[in-house]
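Source file upload-v6.pdb; content: PDB, C-alpha atoms and all ligand atoms.
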```pdb
ATOM      1  CA  MET A   1      42.960  30.937  53.694
ATOM      2  CA  PRO A   2      39.193  31.564  53.281
ATOM      3  CA  SER A   3      36.874  29.153  55.024
ATOM      4  CA  LYS A   4      34.640  28.559  52.026
ATOM      5  CA  THR A   5      34.561  29.332  48.311
ATOM      6  CA  THR A   6      31.449  28.805  46.207
ATOM      7  CA  ILE A   7      31.684  28.145  42.504
ATOM      8  CA  LEU A   8      28.765  29.398  40.443
ATOM      9  CA  GLY A   9      28.477  26.984  37.528
ATOM     10  CA  SER A  10      28.999  23.269  37.025
ATOM     11  CA  GLY A  11      30.759  23.072  33.665
ATOM     12  CA  ALA A  12      34.258  21.743  33.003
ATOM     13  CA  MET A  13      36.072  24.843  34.279
ATOM     14  CA  ALA A  14      33.844  25.098  37.349
ATOM     15  CA  THR A  15      34.687  21.491  38.207
ATOM     16  CA  ALA A  16      38.415  22.045  37.600
ATOM     17  CA  CYS A  17      38.340  25.084  39.942
ATOM     18  CA  ALA A  18      36.609  23.010  42.609
ATOM     19  CA  ILE A  19      39.328  20.359  42.344
ATOM     20  CA  LEU A  20      42.091  22.988  42.582
ATOM     21  CA  LEU A  21      40.583  24.652  45.630
ATOM     22  CA  ALA A  22      39.726  21.376  47.324
ATOM     23  CA  ASP A  23      43.394  20.379  47.138
ATOM     24  CA  HIS A  24      44.048  22.963  49.883
ATOM     25  CA  GLU A  25      43.599  21.723  53.389
ATOM     26  CA  GLY A  26      40.976  23.590  55.381
ATOM     27  CA  GLN A  27      39.343  25.031  52.295
ATOM     28  CA  ASP A  28      35.621  24.311  51.995
ATOM     29  CA  VAL A  29      34.341  24.278  48.435
ATOM     30  CA  ALA A  30      30.818  24.279  47.031
ATOM     31  CA  ILE A  31      29.613  23.920  43.457
ATOM     32  CA  TRP A  32      26.280  25.523  42.634
ATOM     33  CA  ALA A  33      24.639  23.935  39.572
ATOM     34  CA  ARG A  34      21.871  25.814  37.758
ATOM     35  CA  ASN A  35      20.127  22.594  36.882
ATOM     36  CA  GLU A  36      18.760  20.425  39.676
ATOM     37  CA  GLU A  37      19.274  17.130  37.797
ATOM     38  CA  THR A  38      22.882  18.074  37.056
ATOM     39  CA  ALA A  39      23.472  18.755  40.753
ATOM     40  CA  SER A  40      22.025  15.436  41.881
ATOM     41  CA  GLU A  41      23.828  13.483  39.141
ATOM     42  CA  LEU A  42      27.181  15.076  40.039
ATOM     43  CA  ARG A  43      26.535  14.482  43.722
ATOM     44  CA  ARG A  44      25.600  10.845  43.151
ATOM     45  CA  THR A  45      28.427   9.903  40.776
ATOM     46  CA  ARG A  46      31.104  12.479  41.808
ATOM     47  CA  ARG A  47      31.859  12.620  38.084
ATOM     48  CA  ASN A  48      31.174  14.939  35.172
ATOM     49  CA  GLU A  49      31.530  12.217  32.521
ATOM     50  CA  ARG A  50      30.150  14.311  29.654
ATOM     51  CA  LEU A  51      32.617  17.186  30.065
ATOM     52  CA  LEU A  52      35.492  15.720  32.094
ATOM     53  CA  PRO A  53      35.570  11.961  31.532
ATOM     54  CA  GLY A  54      37.424   9.932  34.140
ATOM     55  CA  ILE A  55      37.730  12.788  36.653
ATOM     56  CA  VAL A  56      36.521  12.268  40.223
ATOM     57  CA  ILE A  57      35.249  15.282  42.180
ATOM     58  CA  PRO A  58      36.661  15.121  45.741
ATOM     59  CA  HIS A  59      34.141  13.865  48.279
ATOM     60  CA  HIS A  60      34.387  16.987  50.428
ATOM     61  CA  VAL A  61      33.174  19.322  47.633
ATOM     62  CA  GLN A  62      29.549  20.265  48.336
ATOM     63  CA  ILE A  63      27.400  20.073  45.183
ATOM     64  CA  THR A  64      23.970  21.658  45.245
ATOM     65  CA  HIS A  65      21.256  23.410  43.275
ATOM     66  CA  ASP A  66      20.194  25.270  46.426
ATOM     67  CA  ILE A  67      21.869  28.662  46.081
ATOM     68  CA  ALA A  68      21.190  29.696  49.683
ATOM     69  CA  ALA A  69      22.955  26.577  50.974
ATOM     70  CA  ALA A  70      25.739  26.934  48.403
ATOM     71  CA  VAL A  71      26.722  30.454  49.382
ATOM     72  CA  GLU A  72      26.147  30.153  53.118
ATOM     73  CA  ASP A  73      29.383  31.181  54.876
ATOM     74  CA  ALA A  74      31.184  31.587  51.555
ATOM     75  CA  GLU A  75      33.954  34.160  51.691
ATOM     76  CA  PHE A  76      34.755  34.069  47.961
ATOM     77  CA  LEU A  77      32.656  33.360  44.869
ATOM     78  CA  VAL A  78      33.939  31.971  41.583
ATOM     79  CA  ALA A  79      32.015  32.912  38.430
ATOM     80  CA  ALA A  80      32.283  30.030  35.946
ATOM     81  CA  ILE A  81      29.317  30.777  33.696
ATOM     82  CA  PRO A  82      29.521  31.475  29.928
ATOM     83  CA  SER A  83      29.605  35.225  29.253
ATOM     84  CA  GLN A  84      26.271  35.308  27.391
ATOM     85  CA  TYR A  85      24.461  33.790  30.422
ATOM     86  CA  LEU A  86      26.466  35.595  33.083
ATOM     87  CA  ARG A  87      24.178  38.615  33.461
ATOM     88  CA  SER A  88      20.888  36.679  33.570
ATOM     89  CA  THR A  89      22.304  34.061  35.945
ATOM     90  CA  LEU A  90      23.751  36.599  38.381
ATOM     91  CA  GLU A  91      20.578  38.680  38.232
ATOM     92  CA  SER A  92      18.507  35.649  39.133
ATOM     93  CA  LEU A  93      20.827  34.860  42.084
ATOM     94  CA  SER A  94      21.569  38.399  43.213
ATOM     95  CA  LYS A  95      19.425  38.363  46.324
ATOM     96  CA  TYR A  96      21.553  35.480  47.646
ATOM     97  CA  LEU A  97      24.869  36.979  46.588
ATOM     98  CA  THR A  98      24.762  39.771  49.109
ATOM     99  CA  GLY A  99      27.658  41.050  51.157
ATOM    100  CA  ASN A 100      30.852  42.173  49.599
ATOM    101  CA  ARG A 101      32.326  38.789  48.824
ATOM    102  CA  PRO A 102      35.024  39.113  46.161
ATOM    103  CA  VAL A 103      34.424  37.282  42.884
ATOM    104  CA  ILE A 104      37.042  35.272  40.998
ATOM    105  CA  SER A 105      36.028  35.253  37.337
ATOM    106  CA  VAL A 106      37.128  32.484  34.981
ATOM    107  CA  VAL A 107      34.770  33.752  32.257
ATOM    108  CA  LYS A 108      36.388  34.498  28.876
ATOM    109  CA  GLY A 109      34.154  36.520  26.611
ATOM    110  CA  MET A 110      32.509  39.838  25.791
ATOM    111  CA  GLU A 111      28.798  40.501  26.157
ATOM    112  CA  ASN A 112      26.867  41.135  22.960
ATOM    113  CA  GLU A 113      25.334  44.588  22.528
ATOM    114  CA  THR A 114      26.866  46.067  25.720
ATOM    115  CA  PHE A 115      30.478  45.073  24.807
ATOM    116  CA  LEU A 116      31.137  44.568  28.516
ATOM    117  CA  ARG A 117      33.860  42.380  29.983
ATOM    118  CA  PRO A 118      32.887  39.726  32.577
ATOM    119  CA  SER A 119      34.138  41.789  35.545
ATOM    120  CA  GLN A 120      31.979  44.710  34.396
ATOM    121  CA  ILE A 121      28.905  42.473  34.151
ATOM    122  CA  ILE A 122      29.635  41.186  37.666
ATOM    123  CA  GLU A 123      29.963  44.741  38.972
ATOM    124  CA  GLU A 124      26.754  45.814  37.256
ATOM    125  CA  THR A 125      24.669  42.908  38.480
ATOM    126  CA  LEU A 126      26.045  42.467  42.003
ATOM    127  CA  GLY A 127      26.901  46.058  42.779
ATOM    128  CA  SER A 128      30.427  47.297  43.178
ATOM    129  CA  ARG A 129      32.579  44.280  43.962
ATOM    130  CA  ALA A 130      36.197  43.339  43.974
ATOM    131  CA  VAL A 131      36.795  41.053  40.978
ATOM    132  CA  VAL A 132      39.878  39.005  40.158
ATOM    133  CA  ALA A 133      40.143  37.523  36.654
ATOM    134  CA  LEU A 134      41.900  34.176  36.587
ATOM    135  CA  SER A 135      43.074  33.566  33.031
ATOM    136  CA  GLY A 136      45.772  31.984  30.910
ATOM    137  CA  PRO A 137      46.319  28.617  29.220
ATOM    138  CA  SER A 138      44.037  26.550  31.412
ATOM    139  CA  HIS A 139      42.137  23.756  29.744
ATOM    140  CA  ALA A 140      39.902  22.248  32.410
ATOM    141  CA  GLU A 141      40.608  18.751  31.050
ATOM    142  CA  GLU A 142      44.282  19.135  32.048
ATOM    143  CA  ILE A 143      43.870  21.060  35.307
ATOM    144  CA  ALA A 144      41.407  18.471  36.561
ATOM    145  CA  ARG A 145      44.103  15.818  35.928
ATOM    146  CA  ARG A 146      46.556  17.963  37.911
ATOM    147  CA  LEU A 147      48.875  18.453  34.926
ATOM    148  CA  PRO A 148      51.212  21.483  35.266
ATOM    149  CA  ALA A 149      49.703  24.841  34.264
ATOM    150  CA  SER A 150      50.422  28.551  34.835
ATOM    151  CA  VAL A 151      47.922  31.393  34.826
ATOM    152  CA  VAL A 152      47.536  34.979  36.024
ATOM    153  CA  ALA A 153      45.266  36.420  38.723
ATOM    154  CA  ALA A 154      44.448  39.960  37.608
ATOM    155  CA  SER A 155      42.899  42.760  39.619
ATOM    156  CA  GLY A 156      43.414  46.460  40.194
ATOM    157  CA  ASP A 157      43.539  45.452  43.870
ATOM    158  CA  VAL A 158      47.010  43.921  44.219
ATOM    159  CA  ALA A 159      46.435  42.585  47.727
ATOM    160  CA  LEU A 160      43.323  40.760  46.567
ATOM    161  CA  ALA A 161      45.109  39.286  43.522
ATOM    162  CA  ARG A 162      47.823  38.008  45.926
ATOM    163  CA  ARG A 163      45.167  36.506  48.153
ATOM    164  CA  VAL A 164      43.686  34.608  45.215
ATOM    165  CA  GLN A 165      47.169  33.550  44.116
ATOM    166  CA  GLU A 166      47.732  32.065  47.549
ATOM    167  CA  MET A 167      44.396  30.309  47.871
ATOM    168  CA  ILE A 168      44.397  28.683  44.421
ATOM    169  CA  SER A 169      48.076  27.887  43.725
ATOM    170  CA  THR A 170      49.148  24.269  44.048
ATOM    171  CA  ASP A 171      52.428  22.515  43.294
ATOM    172  CA  ARG A 172      50.993  21.909  39.791
ATOM    173  CA  PHE A 173      49.146  25.203  39.311
ATOM    174  CA  ARG A 174      51.382  28.259  39.284
ATOM    175  CA  VAL A 175      49.693  31.639  39.584
ATOM    176  CA  TYR A 176      51.237  35.020  38.778
ATOM    177  CA  THR A 177      49.569  38.323  39.659
ATOM    178  CA  ASN A 178      48.844  41.127  37.223
ATOM    179  CA  GLN A 179      47.193  44.515  37.703
ATOM    180  CA  ASP A 180      45.913  44.846  34.126
ATOM    181  CA  LEU A 181      42.381  43.520  34.553
ATOM    182  CA  ILE A 182      41.246  45.054  31.250
ATOM    183  CA  GLY A 183      44.090  43.473  29.268
ATOM    184  CA  VAL A 184      43.768  40.055  30.897
ATOM    185  CA  GLU A 185      40.018  39.901  30.275
ATOM    186  CA  LEU A 186      40.273  41.140  26.688
ATOM    187  CA  ALA A 187      43.077  38.692  25.946
ATOM    188  CA  GLY A 188      40.950  35.824  27.259
ATOM    189  CA  ALA A 189      37.982  36.883  25.151
ATOM    190  CA  LEU A 190      39.778  37.605  21.901
ATOM    191  CA  LYS A 191      41.986  34.510  21.770
ATOM    192  CA  ASN A 192      38.796  32.514  21.194
ATOM    193  CA  VAL A 193      38.141  34.415  17.954
ATOM    194  CA  ILE A 194      41.619  33.592  16.655
ATOM    195  CA  GLY A 195      41.102  30.024  17.904
ATOM    196  CA  ILE A 196      38.171  29.720  15.501
ATOM    197  CA  ALA A 197      40.365  31.083  12.680
ATOM    198  CA  ALA A 198      43.079  28.531  13.539
ATOM    199  CA  GLY A 199      40.475  25.769  13.458
ATOM    200  CA  ILE A 200      39.194  26.907  10.070
ATOM    201  CA  SER A 201      42.793  26.712   8.825
ATOM    202  CA  ASP A 202      43.055  23.151  10.187
ATOM    203  CA  GLY A 203      39.746  22.179   8.600
ATOM    204  CA  LEU A 204      40.943  23.429   5.240
ATOM    205  CA  GLY A 205      44.170  21.425   5.656
ATOM    206  CA  TYR A 206      46.427  24.489   5.500
ATOM    207  CA  GLY A 207      49.179  23.179   7.771
ATOM    208  CA  ASP A 208      51.601  24.659  10.280
ATOM    209  CA  ASN A 209      52.770  27.780   8.451
ATOM    210  CA  ALA A 210      49.266  29.129   8.016
ATOM    211  CA  LYS A 211      48.337  28.469  11.627
ATOM    212  CA  SER A 212      51.524  30.080  12.966
ATOM    213  CA  ALA A 213      50.800  33.134  10.827
ATOM    214  CA  LEU A 214      47.260  33.337  12.219
ATOM    215  CA  MET A 215      48.535  33.087  15.791
ATOM    216  CA  THR A 216      51.244  35.692  15.261
ATOM    217  CA  ARG A 217      49.101  38.171  13.346
ATOM    218  CA  GLY A 218      46.249  37.315  15.700
ATOM    219  CA  ILE A 219      48.123  38.507  18.788
ATOM    220  CA  VAL A 220      48.992  41.699  16.883
ATOM    221  CA  GLU A 221      45.341  42.518  16.291
ATOM    222  CA  ILE A 222      44.345  41.449  19.818
ATOM    223  CA  THR A 223      47.005  43.819  21.206
ATOM    224  CA  ARG A 224      45.815  46.644  18.930
ATOM    225  CA  PHE A 225      42.245  46.157  20.134
ATOM    226  CA  GLY A 226      43.312  45.910  23.775
ATOM    227  CA  MET A 227      45.409  49.066  23.667
ATOM    228  CA  ALA A 228      42.513  50.995  22.127
ATOM    229  CA  LEU A 229      40.442  49.949  25.149
ATOM    230  CA  GLY A 230      43.045  50.905  27.744
ATOM    231  CA  ALA A 231      44.972  47.636  28.230
ATOM    232  CA  GLU A 232      48.727  47.360  28.764
ATOM    233  CA  PRO A 233      50.516  45.990  25.678
ATOM    234  CA  ASP A 234      52.809  43.739  27.784
ATOM    235  CA  THR A 235      49.819  41.729  28.985
ATOM    236  CA  PHE A 236      49.361  40.278  25.506
ATOM    237  CA  ALA A 237      52.925  38.902  25.492
ATOM    238  CA  GLY A 238      52.204  36.971  28.690
ATOM    239  CA  LEU A 239      50.292  33.904  29.823
ATOM    240  CA  ALA A 240      46.847  35.480  29.422
ATOM    241  CA  GLY A 241      47.775  36.702  25.931
ATOM    242  CA  ILE A 242      50.026  34.649  23.706
ATOM    243  CA  GLY A 243      50.026  31.789  26.256
ATOM    244  CA  ASP A 244      46.292  31.202  26.106
ATOM    245  CA  LEU A 245      46.212  31.914  22.371
ATOM    246  CA  ILE A 246      48.675  29.070  21.718
ATOM    247  CA  THR A 247      46.728  26.594  23.857
ATOM    248  CA  THR A 248      43.464  27.507  22.160
ATOM    249  CA  CYS A 249      44.880  27.303  18.631
ATOM    250  CA  VAL A 250      46.781  24.011  18.983
ATOM    251  CA  SER A 251      44.637  21.950  21.323
ATOM    252  CA  PRO A 252      42.868  18.933  19.837
ATOM    253  CA  TYR A 253      40.008  19.443  22.326
ATOM    254  CA  GLY A 254      39.803  23.257  22.211
ATOM    255  CA  ARG A 255      36.136  24.131  21.725
ATOM    256  CA  ASN A 256      36.726  27.211  19.617
ATOM    257  CA  ARG A 257      39.337  25.555  17.432
ATOM    258  CA  MET A 258      36.922  22.662  16.969
ATOM    259  CA  VAL A 259      34.113  24.970  15.774
ATOM    260  CA  GLY A 260      36.537  26.428  13.245
ATOM    261  CA  GLU A 261      37.764  23.036  12.068
ATOM    262  CA  ARG A 262      34.227  21.861  11.381
ATOM    263  CA  LEU A 263      33.434  25.107   9.542
ATOM    264  CA  GLY A 264      36.576  24.591   7.462
ATOM    265  CA  LYS A 265      35.396  21.099   6.610
ATOM    266  CA  GLY A 266      32.104  22.492   5.303
ATOM    267  CA  GLU A 267      29.616  22.133   8.177
ATOM    268  CA  SER A 268      27.250  25.004   8.917
ATOM    269  CA  LEU A 269      27.461  26.922  12.195
ATOM    270  CA  ALA A 270      23.909  25.913  13.112
ATOM    271  CA  GLN A 271      24.747  22.237  12.657
ATOM    272  CA  ILE A 272      27.933  22.541  14.724
ATOM    273  CA  LEU A 273      26.281  24.367  17.628
ATOM    274  CA  LYS A 274      23.436  21.855  17.689
ATOM    275  CA  THR A 275      25.840  18.984  18.286
ATOM    276  CA  MET A 276      28.225  20.610  20.789
ATOM    277  CA  ASP A 277      28.100  19.786  24.500
ATOM    278  CA  ALA A 278      30.124  22.756  25.726
ATOM    279  CA  VAL A 279      29.855  26.466  24.894
ATOM    280  CA  ALA A 280      32.395  27.853  22.411
ATOM    281  CA  GLU A 281      32.648  31.417  23.725
ATOM    282  CA  GLY A 282      34.370  32.651  20.576
ATOM    283  CA  VAL A 283      31.199  32.511  18.478
ATOM    284  CA  SER A 284      29.323  35.222  20.378
ATOM    285  CA  THR A 285      32.546  37.085  21.227
ATOM    286  CA  THR A 286      33.363  37.403  17.513
ATOM    287  CA  ARG A 287      30.141  39.323  16.973
ATOM    288  CA  ALA A 288      30.798  41.704  19.885
ATOM    289  CA  VAL A 289      34.463  42.286  19.038
ATOM    290  CA  TYR A 290      33.795  42.821  15.322
ATOM    291  CA  GLN A 291      31.016  45.320  16.027
ATOM    292  CA  LEU A 292      33.029  47.226  18.622
ATOM    293  CA  ALA A 293      36.096  47.320  16.352
ATOM    294  CA  GLU A 294      33.938  48.700  13.526
ATOM    295  CA  LYS A 295      32.508  51.337  15.843
ATOM    296  CA  LYS A 296      35.929  52.390  17.072
ATOM    297  CA  GLY A 297      37.699  52.063  13.729
ATOM    298  CA  ILE A 298      40.164  49.379  14.907
ATOM    299  CA  ASP A 299      41.699  47.302  12.113
ATOM    300  CA  MET A 300      40.902  43.625  12.890
ATOM    301  CA  PRO A 301      41.365  41.704   9.618
ATOM    302  CA  ILE A 302      41.266  38.148  11.007
ATOM    303  CA  THR A 303      38.317  38.893  13.296
ATOM    304  CA  GLU A 304      36.462  40.423  10.363
ATOM    305  CA  GLN A 305      36.859  37.303   8.227
ATOM    306  CA  VAL A 306      35.849  35.017  11.117
ATOM    307  CA  TYR A 307      32.749  37.181  11.556
ATOM    308  CA  ARG A 308      31.882  36.890   7.856
ATOM    309  CA  VAL A 309      32.305  33.111   7.907
ATOM    310  CA  LEU A 310      30.248  32.696  11.103
ATOM    311  CA  PHE A 311      27.437  35.144  10.467
ATOM    312  CA  GLU A 312      27.365  35.954   6.767
ATOM    313  CA  GLY A 313      28.008  32.493   5.349
ATOM    314  CA  LEU A 314      31.269  33.463   3.631
ATOM    315  CA  PRO A 315      32.990  30.248   2.477
ATOM    316  CA  PRO A 316      36.173  29.716   4.550
ATOM    317  CA  ALA A 317      38.371  29.401   1.446
ATOM    318  CA  GLU A 318      37.149  32.784   0.262
ATOM    319  CA  ALA A 319      37.889  34.296   3.672
ATOM    320  CA  THR A 320      41.456  33.009   3.256
ATOM    321  CA  ASP A 321      41.720  34.652  -0.172
ATOM    322  CA  ARG A 322      40.544  37.942   1.269
ATOM    323  CA  LEU A 323      43.073  37.789   4.105
ATOM    324  CA  MET A 324      46.013  36.772   1.911
ATOM    325  CA  ASN A 325      45.338  39.239  -0.871
ATOM    326  CA  ARG A 326      44.396  42.397   0.968
ATOM    327  CA  PRO A 327      46.843  45.289   0.527
ATOM    328  CA  VAL A 328      50.103  44.801   2.439
ATOM    329  CA  ARG A 329      50.792  47.721   4.739
ATOM    330  CA  GLY A 330      54.327  47.061   5.903
TER     331      GLY A 330
HETATM  332  P1  LIG B   1      39.081  26.460  24.147
HETATM  333  O1  LIG B   1      38.278  25.300  24.578
HETATM  334  O2  LIG B   1      38.551  27.136  22.945
HETATM  335  O3  LIG B   1      40.519  26.075  23.875
HETATM  336  O4  LIG B   1      39.095  27.509  25.354
HETATM  337  C1  LIG B   1      39.479  27.051  26.630
HETATM  338  C2  LIG B   1      40.467  27.944  27.281
HETATM  339  O5  LIG B   1      40.199  29.113  27.466
HETATM  340  C3  LIG B   1      41.786  27.412  27.655
HETATM  341  O6  LIG B   1      42.580  28.316  28.381
END
```
Now, as a test, write the supplied structure out as structure tokens.
Ligand code: 13P
Amino acid sequence: MPSKTTILGSGAMATACAILLADHEGQDVAIWARNEETASELRRTRRNERLLPGIVIPHHVQITHDIAAAVEDAEFLVAAIPSQYLRSTLESLSKYLTGNRPVISVVKGMENETFLRPSQIIEETLGSRAVVALSGPSHAEEIARRLPASVVAASGDVALARRVQEMISTDRFRVYTNQDLIGVELAGALKNVIGIAAGISDGLGYGDNAKSALMTRGIVEITRFGMALGAEPDTFAGLAGIGDLITTCVSPYGRNRMVGERLGKGESLAQILKTMDAVAEGVSTTRAVYQLAEKKGIDMPITEQVYRVLFEGLPPAEATDRLMNRPVRG
């Protein structure tokens, strides 16, 4: 069991990870918050009322804005920063993140322009590092309440994935290991795109059949994309694939589904983003995935329509028409 783990980030998932780790005896946990006021507010109240109402952060979790103090003696780091801020945040902290401490990534997205996965951004910014992606159906709101959940710890380094499995598993948090880091990270990024599509369907009042079709055809196009990038197809049938896709598409509090629902009801993207507390990763991921799919010639019909709704102002009902009436191939 490592002596100390430092979580980089203070959002809902960062807090949920701190709670999970702090449930292990002998495990020291620190949360590093980018914003000084956030750090002192969390330290004072032991609550993150805006993102995780009603949840108390255990008293022995250190909460600080001082990165040097946060990472002192830390054996593991957890990256819990939205993918579009991951590079700049790690770059700004890099002189403190020395040593070869492994990084557990709970980031689900793909970087715009570079098309890099979170583990690749971590490797680029911190130098070659062992990275374990922790992914699967894992809404922070439920983990923080210690409701049962199962996820995968993925790394090419099996021993390290096992180590993470051991240090983060609880009687309510079941962790499997997986060696397909590429597949697990792509699954986590792409399910958010389909989550937006599912939300659009909800906003338009389309019902259960439409949403089930989006989820089923969604995992088909996610798998196609993943295989083109070197992932194992089986990964997409597991917790990080279909498992997380279901959670994201059905959850009343799913951020990506919520963005879609509001789009379906007629709000503009700008208006939605202005009034959201948390980051919906799927918005920026849609752009990256659509552009990479175009470049590589991968057929991604649902992603394409989500892209057109988000960034080209295509009315959601018209996107539905385009999806339903394109030529049937099989
Ligand atoms: P959503 O908030 O879009 O559902 O994403 C959270 C998540 O990744 C749950 O596993």
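Residues matched by the PyMOL selection byres (((chain A and resi 203) around 12) and not hetatm) in this file: Ile196, Ala197, Ala198, Gly199, Ile200, Ser201, Asp202, Leu204, Gly205, Tyr206, Gly207, Ala210, Lys211, Arg257, Met258, Val259, Gly260, Glu261, Arg262, Leu263, Gly264, Lys265, Gly266, Glu267, Pro316 and Ala317 of chain A.
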Exercise. Of the residues A:Ile168, A:Ala161, A:Leu273, A:Ile7, which is the one nearest to A:Asp23, using all atoms listed in the file?
Worked result: A:Ile168
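Distances from A:Arg163, A:Thr177, A:Asp28, A:Ile194 to A:Ala213 were compared using all atoms listed in the file, and the smallest one belongs to A:Ile194.
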For this session: Work out how far atom CA of A:Ala14 is from atom CA of A:Pro58, in Å to one decimal.
Result: 13.3 Å
Chain A near ligand LIG 1 (chain B) within 10 Å: what's each residue's closest atom pair and its distance in Å to one decimal, counting only C-alpha atoms and all ligand atoms, ordered by chain then ascending residue number, as CSV?
```
residue,atom,partner,partner_atom,distance
A:Ala12,CA,B:LIG1,C1,9.8
A:Met13,CA,B:LIG1,C1,8.7
A:Val106,CA,B:LIG1,O5,8.8
A:Val107,CA,B:LIG1,O5,8.6
A:Lys108,CA,B:LIG1,O5,6.7
A:Gly109,CA,B:LIG1,O5,9.6
A:Ser135,CA,B:LIG1,O6,7.0
A:Gly136,CA,B:LIG1,O6,5.5
A:Pro137,CA,B:LIG1,O6,3.8
A:Ser138,CA,B:LIG1,O6,3.8
A:His139,CA,B:LIG1,C3,4.2
A:Ala140,CA,B:LIG1,C3,7.3
A:Glu141,CA,B:LIG1,C3,9.4
A:Glu142,CA,B:LIG1,C3,9.7
A:Ala149,CA,B:LIG1,O6,9.9
A:Val151,CA,B:LIG1,O6,8.9
A:Gly188,CA,B:LIG1,O5,6.8
A:Ala189,CA,B:LIG1,O5,8.4
A:Lys191,CA,B:LIG1,O5,8.0
A:Asn192,CA,B:LIG1,O2,5.7
A:Val193,CA,B:LIG1,O2,8.8
A:Ile194,CA,B:LIG1,O2,9.5
A:Gly195,CA,B:LIG1,O2,6.3
A:Ile196,CA,B:LIG1,O2,7.9
A:Gly199,CA,B:LIG1,O2,9.8
A:Leu239,CA,B:LIG1,O6,9.6
A:Ala240,CA,B:LIG1,O6,8.4
A:Gly243,CA,B:LIG1,O6,8.5
A:Asp244,CA,B:LIG1,O6,5.2
A:Leu245,CA,B:LIG1,O6,7.9
A:Ile246,CA,B:LIG1,O3,9.0
A:Thr247,CA,B:LIG1,O3,6.2
A:Thr248,CA,B:LIG1,O3,3.7
A:Cys249,CA,B:LIG1,O3,6.9
A:Val250,CA,B:LIG1,O3,8.2
A:Ser251,CA,B:LIG1,O3,6.4
A:Pro252,CA,B:LIG1,O3,8.5
A:Tyr253,CA,B:LIG1,O1,6.5
A:Gly254,CA,B:LIG1,O3,3.4
A:Arg255,CA,B:LIG1,O1,3.8
A:Asn256,CA,B:LIG1,O2,3.8
A:Arg257,CA,B:LIG1,O2,5.8
A:Met258,CA,B:LIG1,O2,7.6
A:Val259,CA,B:LIG1,O2,8.7
A:Gly260,CA,B:LIG1,O2,9.9
A:Ala278,CA,B:LIG1,O1,8.6
A:Val279,CA,B:LIG1,O1,8.5
A:Ala280,CA,B:LIG1,O2,6.2
A:Glu281,CA,B:LIG1,O2,7.3
A:Gly282,CA,B:LIG1,O2,7.3
```
Exercise. What does the PyMOL selection byres (((chain A and resi 119) around 12) and not hetatm) select in this file, as a PyMOL selection string?
Worked result: chain A and resi 78-80+83+86-87+90+102-111+115-118+120-134+154-156+181-186
Problem set entry | Nearest to A:Ile242, chosen from A:Ser268, A:Gln84, A:Thr223, A:Thr38, with all atoms listed in the file counted in the distances | A:Thr223
Do you know which residues the PyMOL selection byres (((chain A and resi 101) around 7) and not hetatm) returns on this file, as a compact mmCIF listing (two decimals) with C-alpha atoms, in the coordinates of the input?
```txt
# COMPACT_ATOMS: atom_id res chain seq x y z
CA GLU A 75 33.95 34.16 51.69
CA PHE A 76 34.76 34.07 47.96
CA LEU A 77 32.66 33.36 44.87
CA GLY A 99 27.66 41.05 51.16
CA ASN A 100 30.85 42.17 49.60
CA PRO A 102 35.02 39.11 46.16
CA VAL A 103 34.42 37.28 42.88
```
For this session: Please tell me which residues are no farther than 12 Å from (41.8, 52.3, 25.3) in the file, counting all atoms listed in the file, and write them as a PyMOL selection string.
Result: chain A and resi 182-183+186+223-233+293+296+298
For this session: Enumerate, as a ChimeraX atom specification, the protein, DNA and RNA residues whose atoms approach (36.1, 19.2, 45.5) to within 12 Å, taking into account only C-alpha atoms and the coordinate frame of the file.
Result: /A:4-7,10,14-31,42-43,46-47,55-63,144
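Atom CA of A:Gly9 is positioned 25.2 Å from atom CA of A:Asp180.
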Exercise. Using only C-alpha atoms, which residue out of A:Val152, A:Val175, A:Ile143, A:Ile302 lies closest to A:Thr216?
Worked result: A:Ile302
If I only want stretch 291-304 of chain A, can you write it with C-alpha atoms, as a CSV table (one decimal), in the first residue's frame?
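Written output follows (part_4.csv):
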```csv
chain,number,residue,atom,x,y,z
A,291,GLN,CA,-11.8,15.3,-37.3
A,292,LEU,CA,-9.6,12.3,-36.8
A,293,ALA,CA,-12.3,10.0,-38.2
A,294,GLU,CA,-12.5,12.2,-41.3
A,295,LYS,CA,-8.7,12.1,-41.7
A,296,LYS,CA,-8.6,8.3,-41.3
A,297,GLY,CA,-11.7,7.6,-43.3
A,298,ILE,CA,-13.6,5.9,-40.4
A,299,ASP,CA,-17.3,5.8,-40.8
A,300,MET,CA,-18.8,7.6,-37.7
A,301,PRO,CA,-22.4,8.5,-38.6
A,302,ILE,CA,-23.7,9.4,-35.1
A,303,THR,CA,-20.5,11.3,-34.2
A,304,GLU,CA,-20.8,13.2,-37.4
```
